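Below: the structure, in structure tokens.
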Amino acid sequence: MRIFIEPTEPLLFRTGRSFDAGESNFAESIFPPTPETMQGAIRAMIAANTTFVDSTMSIAARFGTDSLIKLIGNQSGYGRFYITGLSLGKSTEEDGPVKRLFPAPAFLIKVKFKGDKDPTLVQLKPMPLSGVDSNMPDGMQYLTLPDFGGRELEGKPKSPGWLTEKNLQAALSMKDDFPSIKTESDFYTLEPRLGIGMQNDTKTTETGYLYQMQMVRMEAGYGFVVDIRLSEESNPGKLTDDSKTQKDLGLPGEGWLTLGGEQRAAHFTVLGSTPHEGSSEAQKPGKRVYLATPAYFLKGWQPPAGSFTPEHKLIAAAIHNPVSIGGWRLNPNDAGGSSKTTRLCVPAGSVYYFDEPVTVRQPLTEYGWQIGYGIAYTGGDK
């Protein structure tokens, strides 16, 4: 089942850094939200909108019912709930199709040459280099810049932005001519907001508790596309028929949810079953494996043995700086809870190169595979 979530007000997606008014005066926001944030919002959305529980029950009471625990789990597990797709989305027109958007592969960079008015998009390509000492595994190739013919760069290279599914496949095929890329300024802006701590007993402001938050305001028509599946009750390793997912969850065709910090409102619409061409089952073998969401590996950036079929040789990797992802394990009965373990993850947009085409049939991660970590796509057969 594919849903489209469209925010109706500015959002706050906190980093893993602690923030307490009076100790810190600035709260950062990250974008896009992590799988931890999205899975929590979606499971709460299901609990709030499902027809399988009494509508007069509180959210905390709903999460404690046996029917919902079996479907979406609780604090100790996720039940039959799976996130199999997670991306940005753009609604093209009223009741029209929603296009998915993905971070540009890490081997694409935007540079500006001295004297040029506009930046140029270039590809880093793996090449074997001799006389290089590094801690990379033996036989690995290194990403190199193309020959610029002596032209000088102005400033630092930047990540180019976001691609549609079609353009992403073109990029993974290492084509030099594919349509333009959307930049982050096309679909959201950062807005500073001021706040101040309050004394609950006197309802007056607290001295020295002025702070600022960074909010994300998304443009109209932009939101998040999420693919949700359920596993079979008797066989957790097998997913049910996707055409029955909405009915099995008791979800209406549309509704409301809260998203991110401060419980900001967003609207969801069920788009129907997940298109077969966008599923992992429909992927064709490719020499490049692209991470659409962050992934966690015990060996840092290196996927574990047996992650790919067949097990061909990894020859190069294009990876941005790691991202720290934590979270908050909320107690549904009150505002309390506890922090989740913070993990250094390989960021979305990272690409692994192989000497021969490989296939990925499961999330490429050693943590969070059920909630949207490590969603991977293959591309480029040459």
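Ordering of the structure tokens sets the chain letters (A, B, ...); residue numbers start at 1 within each chain; ligands are numbered from 1 in the order shown.
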
DSSP-assigned strand (DSSP E or B) among stretch 162-263 of chain A, expressed as a CSV table (one decimal) with all heavy atoms, in the first residue's frame:
```csv
chain,number,residue,atom,x,y,z
A,162,TRP,N,18.0,16.4,-6.1
A,162,TRP,CA,17.1,15.3,-6.0
A,162,TRP,C,16.7,14.9,-7.4
A,162,TRP,O,16.5,15.7,-8.3
A,162,TRP,CB,15.8,15.6,-5.2
A,162,TRP,CG,16.2,15.9,-3.8
A,162,TRP,CD1,16.8,17.0,-3.3
A,162,TRP,CD2,15.9,15.0,-2.7
A,162,TRP,NE1,17.0,16.9,-1.9
A,162,TRP,CE2,16.4,15.7,-1.5
A,162,TRP,CE3,15.3,13.8,-2.5
A,162,TRP,CZ2,16.4,15.1,-0.2
A,162,TRP,CZ3,15.3,13.2,-1.2
A,162,TRP,CH2,15.8,13.9,-0.1
A,163,LEU,N,16.4,13.6,-7.6
A,163,LEU,CA,16.1,13.0,-8.9
A,163,LEU,C,14.7,12.3,-8.9
A,163,LEU,O,14.4,11.7,-7.9
A,163,LEU,CB,17.1,12.1,-9.4
A,163,LEU,CG,18.6,12.6,-9.6
A,163,LEU,CD1,19.5,11.4,-9.9
A,163,LEU,CD2,18.6,13.5,-10.8
A,164,THR,N,14.0,12.3,-10.0
A,164,THR,CA,12.9,11.4,-10.1
A,164,THR,C,13.4,9.9,-10.3
A,164,THR,O,14.5,9.7,-10.6
A,164,THR,CB,12.0,11.8,-11.3
A,164,THR,OG1,12.8,11.7,-12.5
A,164,THR,CG2,11.5,13.2,-11.2
A,182,LYS,N,16.2,18.6,-9.3
A,182,LYS,CA,15.6,19.6,-8.4
A,182,LYS,C,16.5,19.8,-7.3
A,182,LYS,O,17.1,18.9,-6.7
A,182,LYS,CB,14.2,19.0,-8.0
A,182,LYS,CG,13.2,19.0,-9.0
A,182,LYS,CD,11.8,18.6,-8.4
A,182,LYS,CE,10.7,18.8,-9.5
A,182,LYS,NZ,10.5,20.2,-9.8
A,188,TYR,N,11.4,23.1,-0.3
A,188,TYR,CA,11.2,23.5,1.1
A,188,TYR,C,12.2,24.6,1.4
A,188,TYR,O,13.2,24.9,0.7
A,188,TYR,CB,11.5,22.3,2.0
A,188,TYR,CG,12.9,22.0,2.4
A,188,TYR,CD1,13.6,22.7,3.4
A,188,TYR,CD2,13.6,21.1,1.7
A,188,TYR,CE1,14.9,22.4,3.7
A,188,TYR,CE2,14.9,20.8,2.0
A,188,TYR,CZ,15.6,21.4,3.0
A,188,TYR,OH,16.9,21.1,3.3
A,189,THR,N,11.8,25.4,2.4
A,189,THR,CA,12.6,26.5,2.9
A,189,THR,C,12.7,26.3,4.4
A,189,THR,O,11.8,25.8,5.1
A,189,THR,CB,12.0,27.9,2.6
A,189,THR,OG1,10.7,27.9,3.1
A,189,THR,CG2,12.0,28.1,1.1
A,190,LEU,N,13.8,26.8,5.0
A,190,LEU,CA,14.0,26.8,6.4
A,190,LEU,C,13.5,28.1,7.0
A,190,LEU,O,13.9,29.2,6.5
A,190,LEU,CB,15.5,26.5,6.8
A,190,LEU,CG,16.0,25.2,6.4
A,190,LEU,CD1,17.5,25.1,6.7
A,190,LEU,CD2,15.3,24.1,7.1
A,191,GLU,N,12.7,28.0,8.1
A,191,GLU,CA,12.2,29.2,8.7
A,191,GLU,C,12.6,29.2,10.2
A,191,GLU,O,12.3,28.3,10.9
A,191,GLU,CB,10.7,29.3,8.6
A,191,GLU,CG,10.1,29.4,7.2
A,191,GLU,CD,8.6,29.6,7.2
A,191,GLU,OE1,8.0,29.4,8.3
A,191,GLU,OE2,8.1,29.8,6.1
A,192,PRO,N,13.2,30.3,10.7
A,192,PRO,CA,13.5,30.4,12.1
A,192,PRO,C,12.3,30.8,12.9
A,192,PRO,O,11.5,31.6,12.5
A,192,PRO,CB,14.6,31.5,12.2
A,192,PRO,CG,14.3,32.4,11.0
A,192,PRO,CD,13.7,31.4,9.9
A,193,ARG,N,12.1,30.2,14.1
A,193,ARG,CA,11.0,30.5,15.0
A,193,ARG,C,11.5,30.8,16.4
A,193,ARG,O,12.4,30.0,16.8
A,193,ARG,CB,10.0,29.4,15.0
A,193,ARG,CG,9.3,29.1,13.7
A,193,ARG,CD,8.4,30.2,13.3
A,193,ARG,NE,7.7,29.9,12.0
A,193,ARG,CZ,6.6,29.3,11.8
A,193,ARG,NH1,5.9,28.8,12.9
A,193,ARG,NH2,6.1,29.1,10.6
A,194,LEU,N,11.0,31.8,17.0
A,194,LEU,CA,11.5,32.1,18.4
A,194,LEU,C,10.5,31.5,19.4
A,194,LEU,O,9.3,31.4,19.1
A,194,LEU,CB,11.5,33.6,18.6
A,194,LEU,CG,12.7,34.4,18.0
A,194,LEU,CD1,12.5,35.9,18.2
A,194,LEU,CD2,14.0,33.9,18.7
A,195,GLY,N,11.0,31.1,20.5
A,195,GLY,CA,10.2,30.6,21.6
A,195,GLY,C,10.8,31.0,23.0
A,195,GLY,O,12.0,31.4,23.0
A,196,ILE,N,10.1,30.8,24.0
A,196,ILE,CA,10.6,31.1,25.3
A,196,ILE,C,10.0,30.1,26.3
A,196,ILE,O,8.8,29.7,26.2
A,196,ILE,CB,10.2,32.6,25.7
A,196,ILE,CG1,11.0,33.0,27.0
A,196,ILE,CG2,8.7,32.8,25.9
A,196,ILE,CD1,11.0,34.4,27.3
A,197,GLY,N,10.8,29.7,27.3
A,197,GLY,CA,10.3,28.8,28.3
A,197,GLY,C,9.3,29.5,29.3
A,197,GLY,O,9.4,30.7,29.5
A,198,MET,N,8.4,28.7,29.7
A,198,MET,CA,7.3,29.2,30.6
A,198,MET,C,7.4,28.5,32.0
A,198,MET,O,7.8,27.3,32.1
A,198,MET,CB,5.9,28.9,30.0
A,198,MET,CG,5.7,29.6,28.6
A,198,MET,SD,5.6,31.4,28.7
A,198,MET,CE,4.1,31.6,29.6
A,199,GLN,N,7.0,29.2,33.0
A,199,GLN,CA,6.8,28.6,34.4
A,199,GLN,C,5.4,28.1,34.5
A,199,GLN,O,4.4,28.9,34.4
A,199,GLN,CB,7.1,29.7,35.4
A,199,GLN,CG,8.5,30.2,35.4
A,199,GLN,CD,8.8,31.2,36.5
A,199,GLN,OE1,8.7,30.8,37.7
A,199,GLN,NE2,9.1,32.4,36.2
A,204,THR,N,4.1,32.4,33.6
A,204,THR,CA,4.9,33.6,33.2
A,204,THR,C,6.1,33.1,32.5
A,204,THR,O,6.5,31.9,32.7
A,204,THR,CB,5.3,34.5,34.4
A,204,THR,OG1,6.0,33.7,35.4
A,204,THR,CG2,4.0,35.1,35.0
A,205,THR,N,6.8,33.9,31.8
A,205,THR,CA,8.0,33.5,31.1
A,205,THR,C,9.2,33.3,32.0
A,205,THR,O,9.3,33.9,33.1
A,205,THR,CB,8.4,34.6,30.1
A,205,THR,OG1,8.7,35.8,30.7
A,205,THR,CG2,7.4,34.8,29.0
A,206,GLU,N,10.1,32.4,31.6
A,206,GLU,CA,11.2,32.0,32.4
A,206,GLU,C,12.4,32.8,32.0
A,206,GLU,O,12.8,32.9,30.8
A,206,GLU,CB,11.5,30.5,32.2
A,206,GLU,CG,12.6,30.0,33.2
A,206,GLU,CD,12.0,29.5,34.5
A,206,GLU,OE1,10.9,28.9,34.5
A,206,GLU,OE2,12.6,29.8,35.5
A,207,THR,N,13.1,33.5,32.9
A,207,THR,CA,14.2,34.3,32.6
A,207,THR,C,15.4,33.5,32.0
A,207,THR,O,15.7,32.4,32.6
A,207,THR,CB,14.7,35.1,33.8
A,207,THR,OG1,13.7,35.9,34.3
A,207,THR,CG2,15.9,36.0,33.5
A,208,GLY,N,16.0,33.9,30.9
A,208,GLY,CA,17.1,33.2,30.3
A,208,GLY,C,16.7,32.0,29.4
A,208,GLY,O,17.6,31.3,29.0
A,209,TYR,N,15.4,31.9,29.2
A,209,TYR,CA,15.0,30.7,28.4
A,209,TYR,C,14.5,31.0,27.0
A,209,TYR,O,13.7,30.3,26.4
A,209,TYR,CB,13.8,30.0,29.2
A,209,TYR,CG,14.3,29.0,30.2
A,209,TYR,CD1,15.1,29.5,31.3
A,209,TYR,CD2,14.0,27.7,30.2
A,209,TYR,CE1,15.6,28.6,32.3
A,209,TYR,CE2,14.4,26.8,31.2
A,209,TYR,CZ,15.3,27.3,32.2
A,209,TYR,OH,15.7,26.4,33.2
A,210,LEU,N,15.0,32.1,26.4
A,210,LEU,CA,14.7,32.4,25.0
A,210,LEU,C,15.5,31.5,24.1
A,210,LEU,O,16.7,31.2,24.3
A,210,LEU,CB,15.1,33.9,24.7
A,210,LEU,CG,14.7,34.4,23.3
A,210,LEU,CD1,13.2,34.5,23.2
A,210,LEU,CD2,15.4,35.7,23.1
A,211,TYR,N,14.8,30.9,23.1
A,211,TYR,CA,15.5,30.0,22.2
A,211,TYR,C,14.9,30.2,20.8
A,211,TYR,O,13.9,30.8,20.6
A,211,TYR,CB,15.3,28.5,22.7
A,211,TYR,CG,13.8,28.1,22.7
A,211,TYR,CD1,13.3,27.5,21.6
A,211,TYR,CD2,13.1,28.2,23.8
A,211,TYR,CE1,11.9,27.0,21.6
A,211,TYR,CE2,11.7,27.8,23.9
A,211,TYR,CZ,11.2,27.2,22.8
A,211,TYR,OH,9.9,26.8,22.8
A,212,GLN,N,15.6,29.6,19.8
A,212,GLN,CA,15.2,29.6,18.4
A,212,GLN,C,15.2,28.2,17.9
A,212,GLN,O,16.0,27.4,18.1
A,212,GLN,CB,16.2,30.5,17.7
A,212,GLN,CG,15.8,30.8,16.2
A,212,GLN,CD,16.8,31.6,15.5
A,212,GLN,OE1,18.0,31.4,15.5
A,212,GLN,NE2,16.3,32.7,14.9
A,213,MET,N,14.2,28.0,17.0
A,213,MET,CA,14.0,26.7,16.4
A,213,MET,C,14.1,26.9,14.9
A,213,MET,O,13.7,27.9,14.3
A,213,MET,CB,12.7,26.0,16.7
A,213,MET,CG,12.6,25.6,18.2
A,213,MET,SD,11.1,24.6,18.4
A,213,MET,CE,9.8,25.8,18.0
A,214,GLN,N,14.5,25.8,14.2
A,214,GLN,CA,14.6,25.9,12.7
A,214,GLN,C,13.5,25.0,12.2
A,214,GLN,O,13.5,23.7,12.4
A,214,GLN,CB,16.0,25.3,12.3
A,214,GLN,CG,16.3,25.7,10.8
A,214,GLN,CD,17.8,25.2,10.5
A,214,GLN,OE1,18.1,24.1,10.7
A,214,GLN,NE2,18.6,26.1,10.0
A,215,MET,N,12.5,25.5,11.5
A,215,MET,CA,11.4,24.8,11.0
A,215,MET,C,11.5,24.6,9.5
A,215,MET,O,12.2,25.4,8.8
A,215,MET,CB,10.1,25.6,11.3
A,215,MET,CG,9.9,26.0,12.7
A,215,MET,SD,9.7,24.6,13.8
A,215,MET,CE,8.0,24.1,13.4
A,216,VAL,N,10.9,23.5,9.0
A,216,VAL,CA,10.9,23.2,7.5
A,216,VAL,C,9.5,23.5,7.0
A,216,VAL,O,8.6,22.8,7.4
A,216,VAL,CB,11.3,21.7,7.3
A,216,VAL,CG1,11.2,21.4,5.9
A,216,VAL,CG2,12.7,21.5,7.9
A,217,ARG,N,9.4,24.4,6.0
A,217,ARG,CA,8.2,24.7,5.4
A,217,ARG,C,8.3,24.1,3.9
A,217,ARG,O,9.0,24.6,3.1
A,217,ARG,CB,7.9,26.2,5.3
A,217,ARG,CG,6.6,26.5,4.5
A,217,ARG,CD,6.3,28.0,4.4
A,217,ARG,NE,6.0,28.5,5.7
A,217,ARG,CZ,4.8,28.5,6.3
A,217,ARG,NH1,3.7,27.9,5.7
A,217,ARG,NH2,4.5,29.0,7.5
A,218,MET,N,7.4,23.1,3.7
A,218,MET,CA,7.5,22.4,2.4
A,218,MET,C,6.5,23.2,1.4
A,218,MET,O,5.5,23.7,1.8
A,218,MET,CB,7.1,21.0,2.5
A,218,MET,CG,8.1,20.2,3.3
A,218,MET,SD,7.8,18.4,3.3
A,218,MET,CE,8.3,18.0,1.6
A,222,TYR,N,4.2,19.1,-2.3
A,222,TYR,CA,5.3,18.2,-2.0
A,222,TYR,C,5.0,17.5,-0.6
A,222,TYR,O,4.4,18.1,0.2
A,222,TYR,CB,6.6,19.0,-1.8
A,222,TYR,CG,7.2,19.4,-3.2
A,222,TYR,CD1,7.0,20.6,-3.8
A,222,TYR,CD2,8.1,18.5,-3.9
A,222,TYR,CE1,7.5,21.0,-5.0
A,222,TYR,CE2,8.6,18.9,-5.1
A,222,TYR,CZ,8.3,20.1,-5.6
A,222,TYR,OH,8.9,20.4,-6.8
A,223,GLY,N,5.5,16.3,-0.5
A,223,GLY,CA,5.3,15.6,0.7
A,223,GLY,C,6.2,14.3,0.8
A,223,GLY,O,7.3,14.3,0.2
A,224,PHE,N,5.7,13.3,1.4
A,224,PHE,CA,6.5,12.0,1.5
A,224,PHE,C,5.6,10.8,1.0
A,224,PHE,O,4.4,10.8,1.3
A,224,PHE,CB,6.8,11.8,3.0
A,224,PHE,CG,7.5,13.0,3.6
A,224,PHE,CD1,6.8,13.9,4.4
A,224,PHE,CD2,8.9,13.2,3.5
A,224,PHE,CE1,7.4,15.0,5.0
A,224,PHE,CE2,9.5,14.3,4.0
A,224,PHE,CZ,8.8,15.2,4.8
A,225,VAL,N,6.3,10.0,0.3
A,225,VAL,CA,5.7,8.8,-0.2
A,225,VAL,C,6.2,7.6,0.6
A,225,VAL,O,7.4,7.4,0.7
A,225,VAL,CB,6.0,8.6,-1.7
A,225,VAL,CG1,5.3,7.3,-2.3
A,225,VAL,CG2,5.5,9.8,-2.5
A,226,VAL,N,5.3,6.8,1.1
A,226,VAL,CA,5.6,5.7,2.0
A,226,VAL,C,4.9,4.4,1.5
A,226,VAL,O,3.7,4.4,1.2
A,226,VAL,CB,5.3,5.9,3.4
A,226,VAL,CG1,5.8,4.8,4.3
A,226,VAL,CG2,5.8,7.3,3.9
A,227,ASP,N,5.7,3.3,1.3
A,227,ASP,CA,5.1,2.0,0.9
A,227,ASP,C,5.0,1.2,2.2
A,227,ASP,O,6.0,1.0,2.9
A,227,ASP,CB,5.9,1.3,-0.1
A,227,ASP,CG,5.9,2.1,-1.4
A,227,ASP,OD1,4.9,2.8,-1.7
A,227,ASP,OD2,6.9,2.0,-2.2
A,228,ILE,N,3.8,0.7,2.5
A,228,ILE,CA,3.6,-0.1,3.7
A,228,ILE,C,3.1,-1.5,3.3
A,228,ILE,O,2.3,-1.6,2.5
A,228,ILE,CB,2.5,0.6,4.6
A,228,ILE,CG1,2.9,2.0,5.0
A,228,ILE,CG2,2.3,-0.2,5.9
A,228,ILE,CD1,1.8,2.8,5.7
A,229,ARG,N,3.7,-2.5,4.0
A,229,ARG,CA,3.3,-3.9,3.7
A,229,ARG,C,3.1,-4.6,5.1
A,229,ARG,O,3.6,-4.1,6.1
A,229,ARG,CB,4.4,-4.6,2.9
A,229,ARG,CG,4.6,-4.1,1.5
A,229,ARG,CD,3.4,-4.3,0.6
A,229,ARG,NE,3.1,-5.7,0.4
A,229,ARG,CZ,3.7,-6.4,-0.5
A,229,ARG,NH1,4.6,-5.9,-1.3
A,229,ARG,NH2,3.3,-7.7,-0.7
A,230,LEU,N,2.4,-5.7,5.1
A,230,LEU,CA,2.2,-6.5,6.2
A,230,LEU,C,2.7,-7.9,5.9
A,230,LEU,O,2.6,-8.4,4.8
A,230,LEU,CB,0.7,-6.6,6.6
A,230,LEU,CG,0.1,-5.3,7.1
A,230,LEU,CD1,-1.4,-5.5,7.3
A,230,LEU,CD2,0.7,-4.9,8.4
A,231,SER,N,3.3,-8.6,6.9
A,231,SER,CA,3.7,-10.0,6.7
A,231,SER,C,2.6,-10.9,7.1
A,231,SER,O,1.6,-10.5,7.8
A,231,SER,CB,4.9,-10.2,7.6
A,231,SER,OG,4.6,-10.2,9.0
A,239,LEU,N,5.4,-11.5,2.8
A,239,LEU,CA,4.5,-10.4,2.8
A,239,LEU,C,3.2,-10.9,2.2
A,239,LEU,O,3.1,-11.7,1.3
A,239,LEU,CB,5.0,-9.3,2.0
A,239,LEU,CG,6.4,-8.7,2.5
A,239,LEU,CD1,6.8,-7.5,1.6
A,239,LEU,CD2,6.2,-8.2,3.9
A,254,GLU,N,-8.3,8.4,3.2
A,254,GLU,CA,-7.5,9.6,3.6
A,254,GLU,C,-7.8,9.9,5.0
A,254,GLU,O,-8.7,9.4,5.7
A,254,GLU,CB,-7.9,10.8,2.7
A,254,GLU,CG,-9.3,11.2,2.8
A,254,GLU,CD,-9.6,12.4,1.8
A,254,GLU,OE1,-8.7,13.1,1.5
A,254,GLU,OE2,-10.8,12.6,1.5
A,255,GLY,N,-6.9,10.8,5.6
A,255,GLY,CA,-7.1,11.2,7.0
A,255,GLY,C,-6.0,12.1,7.4
A,255,GLY,O,-5.2,12.6,6.6
A,256,TRP,N,-5.8,12.2,8.7
A,256,TRP,CA,-4.8,13.1,9.3
A,256,TRP,C,-3.9,12.4,10.2
A,256,TRP,O,-4.2,11.4,10.8
A,256,TRP,CB,-5.5,14.2,10.1
A,256,TRP,CG,-6.3,15.1,9.2
A,256,TRP,CD1,-7.7,14.9,8.8
A,256,TRP,CD2,-5.9,16.3,8.5
A,256,TRP,NE1,-8.1,15.9,8.0
A,256,TRP,CE2,-7.0,16.8,7.7
A,256,TRP,CE3,-4.7,17.0,8.4
A,256,TRP,CZ2,-7.0,17.9,6.9
A,256,TRP,CZ3,-4.6,18.1,7.6
A,256,TRP,CH2,-5.8,18.5,6.9
A,257,LEU,N,-2.7,13.0,10.4
A,257,LEU,CA,-1.7,12.5,11.3
A,257,LEU,C,-0.8,13.6,11.8
A,257,LEU,O,-0.9,14.7,11.3
A,257,LEU,CB,-0.8,11.4,10.6
A,257,LEU,CG,0.3,11.9,9.6
A,257,LEU,CD1,1.4,11.0,9.5
A,257,LEU,CD2,-0.4,12.1,8.2
A,258,THR,N,0.0,13.4,12.9
A,258,THR,CA,0.9,14.4,13.3
A,258,THR,C,2.3,13.9,12.9
A,258,THR,O,2.6,12.7,12.9
A,258,THR,CB,0.9,14.6,14.8
A,258,THR,OG1,1.1,13.3,15.5
A,258,THR,CG2,-0.5,15.1,15.3
A,259,LEU,N,3.2,14.9,12.6
A,259,LEU,CA,4.5,14.5,12.0
A,259,LEU,C,5.6,15.4,12.6
A,259,LEU,O,5.4,16.6,12.7
A,259,LEU,CB,4.4,14.7,10.5
A,259,LEU,CG,5.6,14.3,9.7
A,259,LEU,CD1,5.9,12.8,9.9
A,259,LEU,CD2,5.4,14.6,8.2
```

>> Residues near A:Ser339, anyone? I mean within 9 Å using only C-alpha atoms, not counting same-chain ones fewer than 2 positions away, as a list in words.
In response: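 Selected residues are Gly326, Gly327, Trp328, Arg329, Leu330, Gly337, Thr341 and Thr342 of chain A.
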
Selection file, all heavy atoms, as a PDB file, in the first residue's frame:
```
ATOM      1  N   GLY A 326      19.437   8.683  15.877  1.00  0.00           N
ATOM      2  CA  GLY A 326      18.978   8.130  17.151  1.00  0.00           C
ATOM      3  C   GLY A 326      17.464   8.087  17.157  1.00  0.00           C
ATOM      4  O   GLY A 326      16.833   7.721  16.172  1.00  0.00           O
ATOM      5  N   GLY A 327      16.875   8.527  18.229  1.00  0.00           N
ATOM      6  CA  GLY A 327      15.418   8.532  18.304  1.00  0.00           C
ATOM      7  C   GLY A 327      14.967   8.550  19.747  1.00  0.00           C
ATOM      8  O   GLY A 327      15.776   8.596  20.688  1.00  0.00           O
ATOM      9  N   TRP A 328      13.667   8.536  19.929  1.00  0.00           N
ATOM     10  CA  TRP A 328      13.073   8.590  21.255  1.00  0.00           C
ATOM     11  C   TRP A 328      12.049   7.472  21.383  1.00  0.00           C
ATOM     12  O   TRP A 328      11.143   7.350  20.559  1.00  0.00           O
ATOM     13  CB  TRP A 328      12.397   9.943  21.481  1.00  0.00           C
ATOM     14  CG  TRP A 328      11.838  10.140  22.849  1.00  0.00           C
ATOM     15  CD1 TRP A 328      10.517  10.074  23.217  1.00  0.00           C
ATOM     16  CD2 TRP A 328      12.560  10.418  24.046  1.00  0.00           C
ATOM     17  NE1 TRP A 328      10.381  10.305  24.575  1.00  0.00           N
ATOM     18  CE2 TRP A 328      11.625  10.515  25.110  1.00  0.00           C
ATOM     19  CE3 TRP A 328      13.911  10.591  24.340  1.00  0.00           C
ATOM     20  CZ2 TRP A 328      11.990  10.784  26.424  1.00  0.00           C
ATOM     21  CZ3 TRP A 328      14.276  10.853  25.651  1.00  0.00           C
ATOM     22  CH2 TRP A 328      13.332  10.952  26.668  1.00  0.00           C
ATOM     23  N   ARG A 329      12.233   6.627  22.381  1.00  0.00           N
ATOM     24  CA  ARG A 329      11.300   5.526  22.625  1.00  0.00           C
ATOM     25  C   ARG A 329      10.206   6.056  23.561  1.00  0.00           C
ATOM     26  O   ARG A 329      10.360   6.117  24.774  1.00  0.00           O
ATOM     27  CB  ARG A 329      12.033   4.338  23.239  1.00  0.00           C
ATOM     28  CG  ARG A 329      11.160   3.103  23.393  1.00  0.00           C
ATOM     29  CD  ARG A 329      11.973   1.906  23.841  1.00  0.00           C
ATOM     30  NE  ARG A 329      12.801   1.379  22.756  1.00  0.00           N
ATOM     31  CZ  ARG A 329      14.112   1.575  22.657  1.00  0.00           C
ATOM     32  NH1 ARG A 329      14.752   2.294  23.558  1.00  0.00           N
ATOM     33  NH2 ARG A 329      14.798   1.065  21.657  1.00  0.00           N
ATOM     34  N   LEU A 330       9.103   6.483  22.958  1.00  0.00           N
ATOM     35  CA  LEU A 330       8.040   7.156  23.694  1.00  0.00           C
ATOM     36  C   LEU A 330       7.232   6.187  24.544  1.00  0.00           C
ATOM     37  O   LEU A 330       6.920   5.080  24.115  1.00  0.00           O
ATOM     38  CB  LEU A 330       7.101   7.876  22.715  1.00  0.00           C
ATOM     39  CG  LEU A 330       5.926   8.658  23.308  1.00  0.00           C
ATOM     40  CD1 LEU A 330       6.431   9.864  24.081  1.00  0.00           C
ATOM     41  CD2 LEU A 330       4.980   9.097  22.196  1.00  0.00           C
ATOM     42  N   GLY A 337       9.725   8.694  28.370  1.00  0.00           N
ATOM     43  CA  GLY A 337      10.318   7.735  27.458  1.00  0.00           C
ATOM     44  C   GLY A 337      11.807   7.653  27.689  1.00  0.00           C
ATOM     45  O   GLY A 337      12.326   8.066  28.737  1.00  0.00           O
ATOM     46  N   THR A 341      19.453   4.165  20.983  1.00  0.00           N
ATOM     47  CA  THR A 341      20.879   4.177  20.675  1.00  0.00           C
ATOM     48  C   THR A 341      21.137   5.002  19.419  1.00  0.00           C
ATOM     49  O   THR A 341      20.425   4.864  18.417  1.00  0.00           O
ATOM     50  CB  THR A 341      21.387   2.745  20.461  1.00  0.00           C
ATOM     51  OG1 THR A 341      21.149   1.972  21.639  1.00  0.00           O
ATOM     52  CG2 THR A 341      22.877   2.733  20.145  1.00  0.00           C
ATOM     53  N   THR A 342      22.137   5.874  19.476  1.00  0.00           N
ATOM     54  CA  THR A 342      22.521   6.658  18.302  1.00  0.00           C
ATOM     55  C   THR A 342      23.523   5.862  17.480  1.00  0.00           C
ATOM     56  O   THR A 342      24.529   5.365  18.010  1.00  0.00           O
ATOM     57  CB  THR A 342      23.132   8.006  18.719  1.00  0.00           C
ATOM     58  OG1 THR A 342      22.147   8.762  19.440  1.00  0.00           O
ATOM     59  CG2 THR A 342      23.575   8.803  17.499  1.00  0.00           C
TER      60      THR A 342
END
```

Would you tabulate, counting only C-alpha atoms, all residues of stretch 221-319 of chain A that have an atom at most 10 Å from an atom of stretch 51-66 of chain A, showing the closest pair of atoms and their distance in Å to one decimal, sorted by chain then ascending number, as a tab-separated table?
```
residue	atom	partner	partner_atom	distance
A:Lys247	CA	A:Thr51	CA	9.7
A:Asp248	CA	A:Phe52	CA	9.3
A:Leu249	CA	A:Phe52	CA	7.9
A:Gly250	CA	A:Thr51	CA	5.0
A:Leu251	CA	A:Thr51	CA	6.7
A:Pro252	CA	A:Thr51	CA	8.2
```

Can I get the selected residues back with N, CA and C atoms, as a short mmCIF file (atom, residue, chain, number, x, y, z; two decimals), in the first residue's frame?
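This is the output file part00.cif:
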```
data_model
loop_
_atom_site.label_atom_id
_atom_site.label_comp_id
_atom_site.auth_asym_id
_atom_site.auth_seq_id
_atom_site.Cartn_x
_atom_site.Cartn_y
_atom_site.Cartn_z
N LYS A 247 -7.21 -2.81 3.71
CA LYS A 247 -8.31 -3.45 4.42
C LYS A 247 -7.84 -4.11 5.70
N ASP A 248 -6.67 -4.76 5.63
CA ASP A 248 -6.14 -5.45 6.81
C ASP A 248 -5.78 -4.48 7.93
N LEU A 249 -5.43 -3.23 7.55
CA LEU A 249 -5.10 -2.22 8.55
C LEU A 249 -6.33 -1.43 9.00
N GLY A 250 -7.45 -1.58 8.29
CA GLY A 250 -8.66 -0.84 8.63
C GLY A 250 -8.53 0.64 8.41
N LEU A 251 -7.78 1.04 7.37
CA LEU A 251 -7.53 2.46 7.12
C LEU A 251 -8.52 3.04 6.13
N PRO A 252 -8.97 4.28 6.35
CA PRO A 252 -9.79 4.97 5.35
C PRO A 252 -8.92 5.43 4.18
#
```

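Neighbours of A:Glu36 closer than or equal to 9 Å, with only C-alpha atoms counted and sequence neighbours fewer than 4 positions away skipped, come out as Gly40, Ala41, Ile325, Gly326, Gly327, Trp328, Gly368, Ile371, Gly372 and Tyr373 of chain A.
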
> Of the residues A:Tyr353, A:Gly260, A:Gly286, A:Ala348, which is the one nearest to A:Pro10, using only C-alpha atoms?
Replying inline: A:Gly260

>> One decimal, in Å: what's the spacing between atom CA of A:Tyr352 and atom CA of A:Phe31?
In response: 23.2 Å

> Residues at most 9 Å from A:Pro310, counting only C-alpha atoms, excluding those fewer than 4 positions away in the same chain, as a list in words?
Replying inline: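 Surrounding residues, per the criterion: Gly306, Glu356, Pro357, Val358 and Thr359 of chain A.
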
> Nearest to A:Pro363: which of A:Ser134, A:Thr240, A:Ser173, A:Ser307 is it, counting only C-alpha atoms?
Replying inline: A:Ser307

> Nearest to A:Gly77 among A:Arg43, A:Lys203, A:Arg2, A:Arg14, with distances taken over only C-alpha atoms: which residue is it?
Replying inline: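 Smallest distance to A:Gly77 is found for A:Arg43.
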